[in-house]
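Visitor: I'm passing along work-v7.txt; it holds compact mmCIF, C-alpha atoms.
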# COMPACT_ATOMS: atom_id res chain seq x y z
CA MET Q 662 108.38 113.18 -0.33
CA MET Q 663 111.22 113.27 -2.81
CA ALA Q 664 110.75 116.97 -3.28
CA SER Q 665 110.99 117.69 0.41
CA ARG Q 666 114.11 115.59 0.63
CA GLN Q 667 115.62 117.66 -2.16
CA THR Q 668 114.60 120.82 -0.37
CA VAL Q 669 116.33 119.60 2.76
CA GLN Q 670 119.42 118.76 0.74
CA ALA Q 671 119.36 122.20 -0.87
CA MET Q 672 119.02 123.83 2.53
CA LEU Q 673 121.89 121.79 3.87
CA LEU Q 674 123.99 122.83 0.93
CA LEU Q 675 123.07 126.47 1.54
CA ALA Q 676 123.98 126.12 5.18
CA ILE Q 677 127.42 124.93 4.14
CA VAL Q 678 127.95 127.57 1.46
CA LEU Q 679 126.42 130.56 3.25
CA PRO Q 680 128.91 131.07 6.06
CA ALA Q 681 131.70 131.36 3.51
CA SER Q 682 129.82 133.77 1.29
CA SER Q 683 128.23 135.80 4.09
CA ALA Q 684 131.38 137.94 4.32
CA ILE Q 685 130.45 141.60 4.40
CA ALA Q 686 130.60 142.83 0.81
CA LEU Q 687 133.36 145.41 0.75
CA GLU Q 688 134.21 148.15 -1.64
CA PRO Q 689 137.94 147.45 -1.93
CA VAL Q 690 140.08 150.24 -0.46
CA SER Q 691 143.85 150.24 -0.83
CA GLY Q 692 145.97 150.32 2.32
CA TYR Q 693 147.23 153.65 0.95
CA ALA Q 694 144.00 155.33 2.08
CA PHE Q 695 144.74 154.31 5.69
CA LEU Q 696 148.24 155.84 5.71
CA ALA Q 697 149.29 159.09 7.34
CA PRO Q 698 149.85 161.85 4.73
CA GLU Q 699 153.63 161.77 5.36
CA THR Q 700 153.75 158.05 4.58
CA GLN Q 701 151.64 158.56 1.47
CA ALA Q 702 154.10 161.24 0.36
CA MET Q 703 156.99 158.84 1.01
CA GLN Q 704 155.38 156.22 -1.23
CA ASP Q 705 154.59 158.73 -3.97
CA ASP Q 706 158.13 160.12 -4.12
CA GLU Q 707 160.14 157.92 -6.46
CA PHE Q 708 163.38 159.03 -4.81
CA GLY Q 709 162.07 158.91 -1.26
CA ASN Q 710 160.31 155.55 -1.51
CA PRO Q 711 162.68 153.06 0.15
CA GLY Q 712 161.08 150.23 -1.83
CA MET Q 713 162.68 151.62 -4.98
CA VAL Q 714 165.94 150.01 -3.86
CA ALA Q 715 164.34 146.64 -4.65
CA VAL Q 716 163.06 147.96 -7.97
CA ASP Q 717 166.63 149.05 -8.86
CA ARG Q 718 168.00 145.66 -7.85
CA GLY Q 719 165.30 143.97 -9.93
CA GLU Q 720 166.12 146.18 -12.88
CA ALA Q 721 169.81 145.25 -12.65
CA LEU Q 722 168.93 141.54 -12.61
CA PHE Q 723 166.48 142.09 -15.47
CA ARG Q 724 169.29 143.46 -17.63
CA GLU Q 725 172.13 141.33 -16.25
CA HIS Q 726 174.04 139.52 -18.97
CA ARG Q 727 176.25 136.66 -17.91
CA GLU Q 728 179.01 135.29 -20.11
CA GLN Q 729 177.94 132.87 -22.84
CA GLU Q 730 174.28 133.55 -22.20
CA LYS Q 731 172.10 134.29 -25.19
CA HIS Q 732 169.35 136.13 -23.35
CA THR Q 733 168.70 138.56 -20.61
CA CYS Q 734 165.17 139.25 -19.36
CA ALA Q 735 165.46 142.57 -21.17
CA SER Q 736 166.33 141.03 -24.54
CA CYS Q 737 162.79 139.60 -24.75
CA HIS Q 738 160.82 141.96 -22.52
CA GLY Q 739 162.45 145.25 -23.51
CA ASP Q 740 165.21 147.22 -21.89
CA ASN Q 741 162.73 148.88 -19.52
CA GLY Q 742 160.27 146.00 -19.57
CA GLU Q 743 158.13 147.82 -22.11
CA GLN Q 744 157.28 144.51 -23.82
CA LEU Q 745 155.86 143.09 -20.59
CA ASP Q 746 152.08 142.70 -20.66
CA ARG Q 747 150.78 145.03 -17.95
CA LYS Q 748 147.34 143.43 -17.99
CA LYS Q 749 148.84 139.98 -17.54
CA ILE Q 750 150.98 141.15 -14.62
CA ALA Q 751 147.80 142.42 -12.96
CA SER Q 752 146.12 139.03 -13.37
CA TYR Q 753 148.43 136.91 -11.18
CA PRO Q 754 148.07 134.38 -9.69
CA ARG Q 755 146.86 132.62 -12.84
CA TYR Q 756 145.85 129.08 -13.62
CA ASP Q 757 148.23 127.23 -15.93
CA ARG Q 758 147.80 123.50 -16.26
CA ASN Q 759 151.20 123.13 -17.92
CA LEU Q 760 152.91 124.69 -14.92
CA GLY Q 761 151.01 122.54 -12.43
CA GLY Q 762 148.00 124.66 -11.53
CA LEU Q 763 148.09 127.91 -9.63
CA VAL Q 764 150.99 130.10 -10.80
CA THR Q 765 152.08 133.22 -8.95
CA LEU Q 766 154.18 135.95 -10.55
CA GLN Q 767 157.22 134.66 -8.65
CA ASP Q 768 156.59 131.16 -10.06
CA GLN Q 769 156.38 132.60 -13.55
CA ILE Q 770 159.55 134.68 -13.24
CA SER Q 771 161.49 131.78 -11.76
CA GLN Q 772 160.23 129.43 -14.48
CA CYS Q 773 161.29 131.88 -17.20
CA TRP Q 774 164.65 132.39 -15.49
CA GLU Q 775 165.26 128.64 -15.47
CA THR Q 776 163.97 127.59 -18.88
CA ASN Q 777 164.71 130.59 -21.08
CA MET Q 778 167.95 131.72 -19.50
CA ASP Q 779 169.13 128.30 -18.35
CA ARG Q 780 169.89 129.53 -14.86
CA PHE Q 781 169.27 127.82 -11.56
CA PRO Q 782 165.70 128.50 -10.50
CA LEU Q 783 165.39 131.12 -7.78
CA LEU Q 784 164.02 129.89 -4.46
CA TYR Q 785 160.63 131.26 -3.52
CA ASP Q 786 160.96 134.60 -1.71
CA ALA Q 787 164.74 134.69 -2.26
CA PRO Q 788 165.81 138.36 -2.21
CA ASP Q 789 166.68 138.35 -5.93
CA LEU Q 790 163.33 136.85 -6.88
CA VAL Q 791 161.48 139.36 -4.68
CA ALA Q 792 163.50 142.14 -6.35
CA LEU Q 793 162.55 140.86 -9.80
CA GLU Q 794 158.91 140.55 -8.76
CA THR Q 795 159.02 144.10 -7.39
CA TYR Q 796 160.51 145.40 -10.62
CA VAL Q 797 158.04 143.55 -12.83
CA ARG Q 798 154.99 144.59 -10.79
CA ASN Q 799 156.30 148.16 -10.72
CA ARG Q 800 156.24 148.07 -14.54
CA ALA Q 801 152.46 147.59 -14.23
CA SER Q 802 152.07 150.37 -11.70
CA GLY Q 803 148.56 151.84 -11.87
CA GLU Q 804 147.10 148.84 -13.69
CA PRO Q 805 143.91 147.61 -12.00
CA ILE Q 806 144.19 144.17 -10.45
CA ASN Q 807 142.15 141.74 -12.49
CA VAL Q 808 142.38 138.18 -11.19
CA GLN Q 809 140.20 135.59 -12.88
CA THR Q 810 137.49 134.35 -10.54
CA ASP Q 811 135.64 131.85 -12.71
CA GLY Q 812 136.58 128.72 -14.63
CA PRO Q 813 139.28 126.59 -13.00
CA LEU Q 814 139.97 129.30 -10.42
CA LYS Q 815 136.50 129.22 -8.90
CA ALA Q 816 137.08 126.14 -6.75
CA LEU Q 817 140.59 127.30 -5.80
CA LEU Q 818 139.21 130.67 -4.72
CA GLN Q 819 136.79 128.93 -2.39
CA GLN Q 820 139.71 127.05 -0.83
CA GLY Q 821 141.55 130.33 -0.42
CA GLU Q 822 138.54 131.85 1.28
CA VAL Q 823 138.32 128.89 3.68
CA LEU Q 824 141.93 129.58 4.69
CA TYR Q 825 141.07 133.27 5.06
CA GLN Q 826 138.30 132.31 7.47
CA THR Q 827 140.27 129.73 9.46
CA ARG Q 828 141.18 130.49 13.07
CA LEU Q 829 144.92 130.18 13.51
CA GLY Q 830 147.34 129.54 16.33
CA GLN Q 831 147.01 130.19 20.02
CA VAL Q 832 145.50 133.63 19.36
CA GLY Q 833 142.85 131.93 17.24
CA MET Q 834 141.86 134.81 14.97
CA THR Q 835 141.14 134.65 11.26
CA CYS Q 836 142.27 137.07 8.54
CA HIS Q 837 138.59 137.95 8.16
CA HIS Q 838 138.28 139.14 11.77
CA CYS Q 839 140.77 142.00 11.44
CA HIS Q 840 140.59 142.88 7.77
CA VAL Q 841 136.84 142.63 7.19
CA GLN Q 842 134.91 142.71 10.47
CA HIS Q 843 137.09 145.21 12.29
CA GLN Q 844 138.78 147.12 9.47
CA GLY Q 845 139.23 150.78 10.26
CA GLN Q 846 139.53 150.12 14.02
CA MET Q 847 142.69 150.82 15.97
CA LEU Q 848 144.94 147.99 17.16
CA ARG Q 849 146.93 149.93 19.77
CA GLY Q 850 148.55 152.55 17.53
CA GLN Q 851 147.86 150.94 14.17
CA VAL Q 852 144.75 151.20 12.07
CA LEU Q 853 143.44 147.89 10.70
CA THR Q 854 143.36 148.10 6.91
CA GLN Q 855 141.45 145.83 4.57
CA GLY Q 856 144.67 143.88 4.10
CA GLN Q 857 144.64 144.43 0.37
CA ALA Q 858 147.55 143.00 -1.62
CA ASN Q 859 147.75 145.52 -4.48
CA GLY Q 860 150.97 147.14 -3.21
CA PHE Q 861 153.06 143.99 -2.74
CA PRO Q 862 155.94 143.51 -2.47
CA VAL Q 863 155.73 146.40 0.01
CA TYR Q 864 158.35 148.30 1.95
CA ARG Q 865 157.43 147.61 5.59
CA LEU Q 866 158.37 150.46 7.90
CA ALA Q 867 158.05 148.13 10.92
CA LYS Q 868 160.68 145.76 9.49
CA GLY Q 869 162.70 148.22 7.42
CA GLU Q 870 162.75 146.00 4.36
CA ILE Q 871 160.97 145.03 1.20
CA THR Q 872 158.47 142.32 2.09
CA SER Q 873 156.80 139.86 -0.25
CA LEU Q 874 153.20 138.83 0.25
CA HIS Q 875 154.08 135.35 1.50
CA THR Q 876 156.61 136.77 3.95
CA ARG Q 877 153.95 139.19 5.19
CA LEU Q 878 151.55 136.28 5.66
CA ARG Q 879 154.21 134.48 7.67
CA GLN Q 880 154.57 137.57 9.87
CA CYS Q 881 150.80 137.56 10.43
CA PHE Q 882 150.93 133.88 11.37
CA VAL Q 883 153.71 134.56 13.87
CA SER Q 884 151.63 137.29 15.52
CA PHE Q 885 148.81 134.72 15.77
CA ARG Q 886 151.30 132.40 17.49
CA ALA Q 887 150.64 130.02 14.60
CA GLU Q 888 152.98 127.80 12.60
CA PRO Q 889 153.29 129.56 9.22
CA PHE Q 890 153.06 127.79 5.89
CA ASP Q 891 156.16 127.92 3.68
CA PRO Q 892 156.68 130.70 1.14
CA GLY Q 893 155.44 129.35 -2.19
CA SER Q 894 153.34 126.67 -0.49
CA GLU Q 895 150.01 125.73 -2.02
CA GLU Q 896 148.23 127.19 1.02
CA PHE Q 897 149.85 130.61 0.63
CA LYS Q 898 149.23 130.58 -3.12
CA LEU Q 899 145.55 129.90 -2.46
CA LEU Q 900 145.49 132.73 0.06
CA GLU Q 901 147.27 134.99 -2.43
CA LEU Q 902 144.65 134.15 -5.05
CA TYR Q 903 141.84 135.03 -2.66
CA LEU Q 904 143.57 138.20 -1.42
CA MET Q 905 144.25 139.44 -4.94
CA SER Q 906 140.74 138.66 -6.14
CA ARG Q 907 139.12 140.63 -3.31
CA GLY Q 908 141.19 143.60 -4.45
CA ASN Q 909 140.13 143.32 -8.09
CA GLY Q 910 139.96 146.82 -9.49
CA LEU Q 911 142.56 148.36 -7.17
CA ALA Q 912 145.58 149.88 -8.90
CA ILE Q 913 148.95 148.18 -8.51
CA GLU Q 914 151.11 150.32 -6.19
CA THR Q 915 154.29 148.26 -6.02
CA PRO Q 916 156.42 149.10 -4.16
CA ALA Q 917 153.90 150.45 -1.65
CA VAL Q 918 155.04 151.77 1.73
CA ARG Q 919 153.13 150.23 4.63
CA PHE Q 920 153.44 149.85 8.36
CA MET V 902 162.99 94.81 -9.11
CA THR V 903 159.27 95.25 -8.56
CA MET V 904 159.60 93.19 -5.40
CA ASN V 905 162.39 95.42 -4.08
CA ALA V 906 160.44 98.55 -4.82
CA SER V 907 157.33 97.34 -3.04
CA LEU V 908 159.37 96.25 -0.02
CA LEU V 909 160.83 99.73 0.17
CA LEU V 910 157.43 101.30 -0.08
CA ILE V 911 155.86 99.41 2.83
CA PRO V 912 157.72 101.19 5.65
CA VAL V 913 156.84 104.52 4.10
CA TRP V 914 153.16 103.64 4.26
CA LEU V 915 153.54 102.38 7.79
CA LEU V 916 155.15 105.66 8.80
CA LEU V 917 152.38 107.64 7.15
CA ALA V 918 149.73 105.55 8.87
CA ALA V 919 151.49 106.00 12.20
CA GLN V 920 151.60 109.77 11.65
CA LEU V 921 147.92 109.89 10.84
CA ALA V 922 147.13 107.89 13.96
CA VAL V 923 149.12 110.35 16.05
CA ALA V 924 147.51 113.35 14.36
CA ASP V 925 144.07 112.00 15.30
CA GLU V 926 144.88 111.99 18.97
CA LEU V 927 144.66 115.16 21.01
CA PRO V 928 147.80 116.18 22.86
CA PRO V 929 147.55 115.84 26.63
CA LEU V 930 146.41 118.84 28.60
CA PRO V 931 149.09 120.67 30.58
CA ALA V 932 149.52 118.97 33.96
CA ASP V 933 148.57 122.16 35.82
CA TYR V 934 145.52 122.98 33.66
CA CYS V 935 142.62 124.14 35.83
CA HIS V 936 139.31 122.73 34.63
CA TRP V 937 136.47 125.18 34.53
CA GLU V 938 132.79 125.04 33.77
CA ALA V 939 130.83 127.68 31.91
CA ARG V 940 127.28 128.10 33.21
CA ASN V 941 124.80 130.89 32.70
CA TYR V 942 127.40 132.95 30.76
CA SER V 943 129.70 132.75 33.78
CA ILE V 944 132.49 130.82 35.46
CA GLU V 945 131.60 131.09 39.14
CA GLN V 946 134.68 129.51 40.68
CA PRO V 947 138.13 131.14 40.39
CA LEU V 948 140.50 128.92 38.38
CA CYS V 949 142.04 126.35 40.77
CA GLY V 950 140.63 128.48 43.60
CA LEU V 951 143.38 131.06 43.03
CA VAL V 952 143.12 134.60 44.40
CA GLY V 953 143.81 137.35 41.87
CA ASN V 954 146.04 140.37 42.48
CA ALA V 955 144.54 143.50 40.89
CA ALA V 956 147.85 145.40 40.73
CA GLN V 957 149.49 142.49 38.89
CA GLY V 958 146.46 142.31 36.63
CA ARG V 959 146.84 145.96 35.68
CA GLU V 960 150.41 145.26 34.52
CA ILE V 961 149.31 142.21 32.53
CA VAL V 962 146.64 144.12 30.59
CA ILE V 963 149.27 146.69 29.53
CA ASP V 964 152.09 144.23 28.72
CA THR V 965 152.28 143.65 24.95
CA HIS V 966 153.74 140.20 25.65
CA GLY V 967 151.20 139.51 28.41
CA GLY V 968 147.46 139.97 28.06
CA ASN V 969 147.90 143.03 25.83
CA CYS V 970 144.24 143.93 26.44
CA LEU V 971 145.01 147.55 25.45
CA ALA V 972 145.66 146.36 21.90
CA CYS V 973 141.90 146.13 21.41
CA HIS V 974 140.21 147.89 24.35
CA VAL V 975 140.09 151.41 25.72
CA MET V 976 140.79 151.21 29.46
CA PRO V 977 141.18 153.78 32.25
CA ILE V 978 144.97 153.65 32.02
CA PRO V 979 145.96 157.25 31.24
CA GLU V 980 149.73 156.73 31.24
CA GLU V 981 149.47 154.53 28.13
CA ALA V 982 148.99 156.67 25.04
CA LEU V 983 147.62 154.13 22.59
CA HIS V 984 144.46 152.14 23.24
CA GLY V 985 142.78 149.91 20.67
CA THR V 986 139.17 150.18 19.50
CA VAL V 987 138.58 146.67 18.16
CA GLY V 988 136.62 145.55 21.22
CA PRO V 989 134.27 147.50 23.47
CA PRO V 990 135.74 150.01 25.97
CA LEU V 991 136.26 148.41 29.39
CA VAL V 992 135.77 151.61 31.36
CA GLY V 993 133.22 150.90 34.09
CA LEU V 994 133.12 147.21 33.17
CA ALA V 995 132.48 145.99 36.73
CA SER V 996 129.30 148.05 36.92
CA ARG V 997 127.74 146.04 34.09
CA MET V 998 129.20 142.55 34.59
CA THR V 999 129.77 140.25 37.53
CA MET V 1000 133.22 138.88 38.24
CA ALA V 1001 132.03 135.43 37.13
CA GLN V 1002 130.84 136.83 33.79
CA ILE V 1003 134.11 138.71 33.30
CA ARG V 1004 135.98 135.46 33.96
CA LEU V 1005 134.22 133.56 31.16
CA HIS V 1006 134.64 136.49 28.77
CA ILE V 1007 138.41 136.22 29.18
CA VAL V 1008 138.75 132.46 29.58
CA ASP V 1009 136.93 131.52 26.36
CA GLN V 1010 134.44 133.94 24.90
CA ARG V 1011 133.68 131.50 22.07
CA GLN V 1012 131.61 129.51 24.59
CA PHE V 1013 128.78 131.97 24.01
CA ASN V 1014 129.93 134.01 20.98
CA PRO V 1015 131.38 131.59 18.41
CA ALA V 1016 132.23 134.35 15.92
CA THR V 1017 134.16 136.60 18.32
CA ILE V 1018 137.59 137.94 17.43
CA MET V 1019 138.63 137.76 21.08
CA PRO V 1020 141.24 135.12 21.91
CA GLY V 1021 140.37 132.58 24.60
CA PHE V 1022 143.03 133.32 27.21
CA TYR V 1023 142.45 130.11 29.14
CA ARG V 1024 140.83 128.04 26.44
CA ASP V 1025 141.46 124.31 26.21
CA PRO V 1026 144.72 124.47 24.19
CA ARG V 1027 143.93 121.17 22.49
CA LEU V 1028 141.27 122.94 20.43
CA ASP V 1029 143.66 125.36 18.71
CA TYR V 1030 144.88 124.89 15.14
CA ARG V 1031 148.47 125.14 13.84
CA VAL V 1032 149.88 126.51 17.09
CA ALA V 1033 153.57 127.49 16.85
CA ASP V 1034 155.97 125.19 18.69
CA ASP V 1035 156.72 127.72 21.44
CA PHE V 1036 153.06 127.92 22.41
CA TYR V 1037 151.90 124.40 21.62
CA GLY V 1038 149.76 122.83 24.34
CA LYS V 1039 149.85 126.02 26.44
CA THR V 1040 147.18 128.49 27.45
CA PHE V 1041 147.63 132.16 26.51
CA LEU V 1042 147.71 133.27 30.16
CA THR V 1043 148.43 131.15 33.21
CA ALA V 1044 145.57 130.55 35.63
CA GLN V 1045 147.15 132.98 38.10
CA GLN V 1046 147.59 135.68 35.43
CA LEU V 1047 143.99 135.20 34.38
CA GLU V 1048 142.71 135.62 37.94
CA ASP V 1049 144.92 138.71 38.30
CA VAL V 1050 143.29 140.25 35.22
CA VAL V 1051 139.81 139.35 36.51
CA ALA V 1052 140.67 140.96 39.83
CA TYR V 1053 141.84 144.13 38.08
CA LEU V 1054 138.79 144.38 35.81
CA ALA V 1055 136.51 143.89 38.82
CA THR V 1056 137.89 147.20 40.17
CA LEU V 1057 136.66 149.14 37.10
CA GLN V 1058 133.47 150.54 38.63
Is it possible to express this structure as structure tokens?

Guide:
Amino acid sequence: MMASRQTVQAMLLLAIVLPASSAIALEPVSGYAFLAPETQAMQDDEFGNPGMVAVDRGEALFREHREQEKHTCASCHGDNGEQLDRKKIASYPRYDRNLGGLVTLQDQISQCWETNMDRFPLLYDAPDLVALETYVRNRASGEPINVQTDGPLKALLQQGEVLYQTRLGQVGMTCHHCHVQHQGQMLRGQVLTQGQANGFPVYRLAKGEITSLHTRLRQCFVSFRAEPFDPGSEEFKLLELYLMSRGNGLAIETPAVRF
Amino acid sequence: MTMNASLLLIPVWLLLAAQLAVADELPPLPADYCHWEARNYSIEQPLCGLVGNAAQGREIVIDTHGGNCLACHVMPIPEEALHGTVGPPLVGLASRMTMAQIRLHIVDQRQFNPATIMPGFYRDPRLDYRVADDFYGKTFLTAQQLEDVVAYLATLQ
């Protein structure tokens, strides 16, 4: 009797867990593979890639020395960021209990900016912070994404996946619908990619500007006629964690050029 | 000091409780919402007994700010260059579905296919999550627009 009760409990548990883990197992493919050859060429050309403007701006901030300041970013991390840890850059978002849990690369840069350079922290997704993020990620260009998926991140990843599978707004679609179930199909003139995050911040041709991941998520929410979460919100960080983890192994392409 | 602090805290808790109470309640349906009943994979009766206009419906399925059906479906609309392939082609739809079946497919396909990507264009708006202010409490299409689209699709023999 007890055994059967346990079996029932186990089955119930499975029923809860299965829908979340029944996502079609995907070989991650970068959005680059879905681009027209001309757009791929635009991304590959360091002088033609419009996202390089943000990299240049980030580089200037990285080296900027203000009066009476002891440090610049470059004084610790190298004039061209050569002291930055490429592997660590590829592992964001990370879990850091001292910084309050889930830490994105923007969080980390802003925290460093505030504590080590004694500057006002940069607001999440502020143009200067996006430029710095673009520059730093560009330093790790080609490095395979390697987000931790076990330990303290395991439970957070599951929360991120729940958000990924939540129907949103009046349109009522989930991220999973377009970027897993129907990837490769045409949405009017646009092909649905896997929605991988390895190229962020990306230069969006549709908007004509460098676009951070959280801003891109907000744009998705708007197209769902849904109320977006705030940039830097816990919800978007959880989604970022899940998005990055499902692209583990893809090379960083920042700044990628995307539709 | 402790007394003052706790006095200050009480209204905050009251406000929170009030908010939670409000959040538990569903918003009212729009006054002009037409109730419908799904039966046998169909909605037999036109919404509010309205009569659809096929020509209007054809415009709505093209309009990117209207039904935007072309975003996902191939349709016999040659003057539009780009048709989506997310959903099935709708060419010849009326030869495989009745008007009543077509109506339920557009109104709220989740009634019979809970996993579908297709939006419910006349779904009970109280069931949606995190709807943006501009669309809160509203259906995607009006009842008349929905009947227009049904009327148009019924011409696709």

Visitor: Find the spatial neighbours of V:Gln1012, counting all atoms listed in the file, within a cut-off of 12 Å - ignore same-chain residues fewer than 5 positions away - and output them as a ChimeraX atom specification.

Guide: /V:937-944,1002,1004-1007,1017,1019-1021,1023-1025

Visitor: Can you pull out every residue within 8 Å of V:Leu951, counting only C-alpha atoms, but drop anything in the same chain fewer than 2 positions away, and send it as a count of residues only?

Guide: 7

Visitor: Tell me, in Å to one decimal, how far atom CA of Q:Lys868 is from atom CA of V:Ile961.

Guide: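 The value is 25.9 Å.
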
Visitor: Residues of chain Q were defined as contacting chain V if any atom lay at most 10 Å from it, counting all atoms listed in the file; please report them as a PDB file with C-alpha atoms, in the coordinates of the input.

Guide:
ATOM      1  CA  THR Q 827     140.270 129.730   9.460  1.00  0.00           C
ATOM      2  CA  ARG Q 828     141.180 130.490  13.070  1.00  0.00           C
ATOM      3  CA  LEU Q 829     144.920 130.180  13.510  1.00  0.00           C
ATOM      4  CA  GLY Q 830     147.340 129.540  16.330  1.00  0.00           C
ATOM      5  CA  GLN Q 831     147.010 130.190  20.020  1.00  0.00           C
ATOM      6  CA  VAL Q 832     145.500 133.630  19.360  1.00  0.00           C
ATOM      7  CA  GLY Q 833     142.850 131.930  17.240  1.00  0.00           C
ATOM      8  CA  MET Q 834     141.860 134.810  14.970  1.00  0.00           C
ATOM      9  CA  THR Q 835     141.140 134.650  11.260  1.00  0.00           C
ATOM     10  CA  HIS Q 837     138.590 137.950   8.160  1.00  0.00           C
ATOM     11  CA  HIS Q 838     138.280 139.140  11.770  1.00  0.00           C
ATOM     12  CA  CYS Q 839     140.770 142.000  11.440  1.00  0.00           C
ATOM     13  CA  GLN Q 842     134.910 142.710  10.470  1.00  0.00           C
ATOM     14  CA  HIS Q 843     137.090 145.210  12.290  1.00  0.00           C
ATOM     15  CA  GLN Q 844     138.780 147.120   9.470  1.00  0.00           C
ATOM     16  CA  GLY Q 845     139.230 150.780  10.260  1.00  0.00           C
ATOM     17  CA  GLN Q 846     139.530 150.120  14.020  1.00  0.00           C
ATOM     18  CA  MET Q 847     142.690 150.820  15.970  1.00  0.00           C
ATOM     19  CA  LEU Q 848     144.940 147.990  17.160  1.00  0.00           C
ATOM     20  CA  ARG Q 849     146.930 149.930  19.770  1.00  0.00           C
ATOM     21  CA  GLY Q 850     148.550 152.550  17.530  1.00  0.00           C
ATOM     22  CA  GLN Q 851     147.860 150.940  14.170  1.00  0.00           C
ATOM     23  CA  VAL Q 852     144.750 151.200  12.070  1.00  0.00           C
ATOM     24  CA  LEU Q 853     143.440 147.890  10.700  1.00  0.00           C
ATOM     25  CA  PHE Q 882     150.930 133.880  11.370  1.00  0.00           C
ATOM     26  CA  VAL Q 883     153.710 134.560  13.870  1.00  0.00           C
ATOM     27  CA  PHE Q 885     148.810 134.720  15.770  1.00  0.00           C
ATOM     28  CA  ARG Q 886     151.300 132.400  17.490  1.00  0.00           C
ATOM     29  CA  ALA Q 887     150.640 130.020  14.600  1.00  0.00           C
ATOM     30  CA  GLU Q 888     152.980 127.800  12.600  1.00  0.00           C
ATOM     31  CA  PRO Q 889     153.290 129.560   9.220  1.00  0.00           C
ATOM     32  CA  PHE Q 890     153.060 127.790   5.890  1.00  0.00           C
TER      33      PHE Q 890
END

Visitor: As number ranges by chain, please: the residues near stretch 798-808 of chain Q (cut-off 9 Å, all atoms listed in the file, same-chain neighbours under 5 positions excluded).

Guide: Q: 716, 741-743, 745-755, 766, 793, 859-862, 902, 905-916

Visitor: May I have the protein, DNA and RNA residues with an atom at most 12 Å from (159.9, 132.8, -16.8), counting all atoms listed in the file in the file's coordinates, returned as number ranges by chain?

Guide: Q: 723, 732-734, 737-738, 745, 760, 764-783, 790, 793-794, 797

Visitor: Give me, please, the distance in Å between atom CA of Q:Thr872 and atom CA of Q:Ala735, quoted to one decimal.

Guide: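 Those two atoms sit 24.3 Å apart.
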
Visitor: By how many Å are atom CA of Q:Glu901 and atom CA of Q:Leu817 apart?

Guide: 10.7 Å

Visitor: So that I can check the surroundings of Q:Val918, please list as a PDB file with C-alpha atoms, in the frame of the given file every protein, DNA and RNA residue that reaches within 8 Å of it, counting all atoms listed in the file and ignoring chain neighbours fewer than 2 positions away.

Guide:
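Now in result.pdb:
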ATOM      1  CA  THR Q 700     153.750 158.050   4.580  1.00  0.00           C
ATOM      2  CA  GLN Q 701     151.640 158.560   1.470  1.00  0.00           C
ATOM      3  CA  MET Q 703     156.990 158.840   1.010  1.00  0.00           C
ATOM      4  CA  GLN Q 704     155.380 156.220  -1.230  1.00  0.00           C
ATOM      5  CA  ASN Q 710     160.310 155.550  -1.510  1.00  0.00           C
ATOM      6  CA  PRO Q 711     162.680 153.060   0.150  1.00  0.00           C
ATOM      7  CA  GLY Q 712     161.080 150.230  -1.830  1.00  0.00           C
ATOM      8  CA  GLY Q 860     150.970 147.140  -3.210  1.00  0.00           C
ATOM      9  CA  VAL Q 863     155.730 146.400   0.010  1.00  0.00           C
ATOM     10  CA  TYR Q 864     158.350 148.300   1.950  1.00  0.00           C
ATOM     11  CA  ARG Q 865     157.430 147.610   5.590  1.00  0.00           C
ATOM     12  CA  LEU Q 866     158.370 150.460   7.900  1.00  0.00           C
ATOM     13  CA  PRO Q 916     156.420 149.100  -4.160  1.00  0.00           C
ATOM     14  CA  PHE Q 920     153.440 149.850   8.360  1.00  0.00           C
TER      15      PHE Q 920
END

Visitor: May I have the protein, DNA and RNA residues with any atom at most 12 Å from the point (169.3, 143.8, -9.4), counting only C-alpha atoms, written as a list in words?

Guide: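 Answer for this query, in the requested form: Met713, Val714, Ala715, Val716, Asp717, Arg718, Gly719, Glu720, Ala721, Leu722, Phe723, Arg724, Glu725, His726, Cys734, Pro788, Asp789, Leu790, Val791, Ala792, Leu793, Glu794, Thr795, Tyr796 and Val797 of chain Q.
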
Visitor: Identify which of the residues V:Ala1055, V:Cys935, V:Leu1042, V:Ala955 lies closest to V:Ala995, counting only C-alpha atoms when measuring atom-to-atom distances.

Guide: V:Ala1055

Visitor: Taking the block just given, write stretch 787-798 of chain Q to a file that holds C-alpha atoms, as a tab-separated table (two decimals), in the first residue's frame.

Guide:
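Dumped everything to out_29.tsv:
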chain	number	residue	atom	x	y	z
Q	787	ALA	CA	22.26	52.36	-20.12
Q	788	PRO	CA	24.06	52.99	-23.44
Q	789	ASP	CA	27.47	53.24	-21.76
Q	790	LEU	CA	26.99	49.98	-19.89
Q	791	VAL	CA	25.81	48.22	-23.06
Q	792	ALA	CA	28.89	49.61	-24.84
Q	793	LEU	CA	31.16	48.28	-22.10
Q	794	GLU	CA	29.41	44.92	-22.18
Q	795	THR	CA	29.78	44.81	-25.96
Q	796	TYR	CA	33.48	45.61	-25.69
Q	797	VAL	CA	34.12	43.05	-22.95
Q	798	ARG	CA	32.19	40.27	-24.71
